[in-house]
Amino acid sequence: MKLTEAKLKQLIKEVLNEGAKSITDLPDGVYVSVYKVPSERKFVIKYTNREQDNPKEEFGFTGMVAIGDPLFRHQDLPCSDAYAIAFSQASQGWGPLLYDVAMEVATLTGGGLTPDRTIVSNEAYDVWDYYLKNRSDVQVSQLDNEDSEITPDLEADDCSQGSTMNHVERNGGEWNDSPLSKIYIKEPATLRALGDKLRVVGTSLTF
């Protein structure tokens with residue numbers, strides 16, 4: 001998950017302290033836009049104003065999350081058709097809402113959302129650990145590793161576990177207990193609740 005250390009610490013604080021902004025905090029004239037990148041398996045979820053521009057100058061905050069194929073180096077494994085976080089940045093308090101929307105979009109259009117398969121910092125690890133242990137509205141599914149260790153007769157769940165193993169090597173434990181080894185699936189409750197605050201560009205979403 002490609003987040004700066006400062007942004008990761010901010011996101012963790014917001015989530016753990018339940019200080020995240022909600023849909024009701026969105027000012028009039030600010031929307032959550034879901035943009036499908038043409039000819040790519042990639043979505044960008046961001047805050048926009050009526051002109052589909054960054055609302056920071058007018059409203060004082062901004063935020064964006066990009067999700068795409070969970071590639072690890074030169075490996076191209078099925079990963080149960082999941083998306084992975086590719087990039088994220090947001091003003092204080094405004095990140096978690098975009099994360100929930102990204103997870104719902106990844107569930108509607110693929111197998112769900114998974115952490116970056118290459119490297120995940122300790123701060124980012126805590127974010128995914130929180131989703132695993134504290135979000136009853138999020139369903140969690142186990143991914144296999146590159147060697148099909150868990151389901152040898154099933155290739156569809158094979159996924160690179162580079163970031164998972166990096167943490168296991170440093171901190172111990174079983175790799176398949178790690179929150180980094182899993183897919184996170186969420187029903188489109190946030191997308192539905194957004195109502196006319198949602199803008200979908202370049203595709204259609206049925207929910």
# chains A, B, ... in the order shown; residues from 1 in each chain; ligands from 1

$ residues_around --residues "A:Ile185" --least-positions-apart "4" --cutoff "9 Å" --atoms "only C-alpha atoms" --output "list in words"
Met103, Glu104, Ala106, Thr107, Gly111, Gly112, Leu113, Asp137, Val138, Gln139, Val140 and Ser141 of chain A

$ write_last_selection --atoms "C-alpha atoms" --output "tab-separated table (two decimals), in the first residue's frame"
chain	number	residue	atom	x	y	z
A	103	MET	CA	-13.49	-1.83	-0.89
A	104	GLU	CA	-17.09	-1.82	-2.11
A	106	ALA	CA	-13.49	-3.80	-5.58
A	107	THR	CA	-16.19	-6.18	-4.36
A	111	GLY	CA	-13.16	-10.37	-5.76
A	112	GLY	CA	-12.62	-7.66	-3.15
A	113	LEU	CA	-9.68	-5.61	-1.93
A	137	ASP	CA	-19.45	-5.26	8.17
A	138	VAL	CA	-16.38	-6.50	6.29
A	139	GLN	CA	-16.10	-10.11	5.15
A	140	VAL	CA	-12.60	-11.60	5.06
A	141	SER	CA	-11.44	-14.37	2.72

$ residues_around --residues "stretch 37-50 of chain A" --least-positions-apart "2" --cutoff "8 Å" --atoms "only C-alpha atoms" --output "MDAnalysis selection string"
chainID A and resid 29:35 52:55 62:69 98 101:102 202

$ write_last_selection --atoms "C-alpha atoms" --output "compact mmCIF listing (two decimals), in the first residue's frame"
# COMPACT_ATOMS: atom_id res chain seq x y z
CA GLY A 29 -21.01 20.73 -3.60
CA VAL A 30 -18.58 17.94 -2.70
CA TYR A 31 -19.01 14.43 -4.11
CA VAL A 32 -17.31 11.05 -4.04
CA SER A 33 -16.33 10.24 -7.63
CA VAL A 34 -15.54 6.72 -8.80
CA TYR A 35 -13.50 6.92 -11.99
CA GLN A 52 -15.12 17.23 -11.11
CA ASP A 53 -12.09 19.12 -9.80
CA ASN A 54 -10.14 18.83 -6.55
CA PRO A 55 -12.24 20.49 -3.83
CA THR A 62 -8.94 16.48 -0.54
CA GLY A 63 -8.58 12.72 -0.89
CA MET A 64 -7.90 9.97 -3.41
CA VAL A 65 -7.51 6.18 -3.41
CA ALA A 66 -6.42 4.18 -6.47
CA ILE A 67 -6.91 0.42 -6.77
CA GLY A 68 -5.63 -1.96 -9.43
CA ASP A 69 -4.28 -5.42 -10.15
CA LEU A 98 -12.71 6.56 0.54
CA VAL A 101 -15.90 2.99 -1.07
CA ALA A 102 -12.79 1.46 -2.66
CA GLY A 202 -16.26 5.88 -17.23

$ select_by_dssp --residues "stretch 78-176 of chain A" --states "strand (DSSP E or B)" --output "ChimeraX atom specification"
/A:83-90,113-114,138-142,144,158

$ closest_residue --among "A:Thr164, A:Ser181, A:Gln75, A:Asn145" --to "A:Val120" --atoms "only C-alpha atoms"
A:Thr164

$ closest_residue --among "A:Pro96, A:Gly172, A:Asp81, A:Leu194" --to "A:Tyr130" --atoms "only C-alpha atoms"
A:Pro96

$ closest_residue --among "A:Pro78, A:Pro70, A:Gly110, A:Gly60" --to "A:Ala90" --atoms "only C-alpha atoms"
A:Gly60
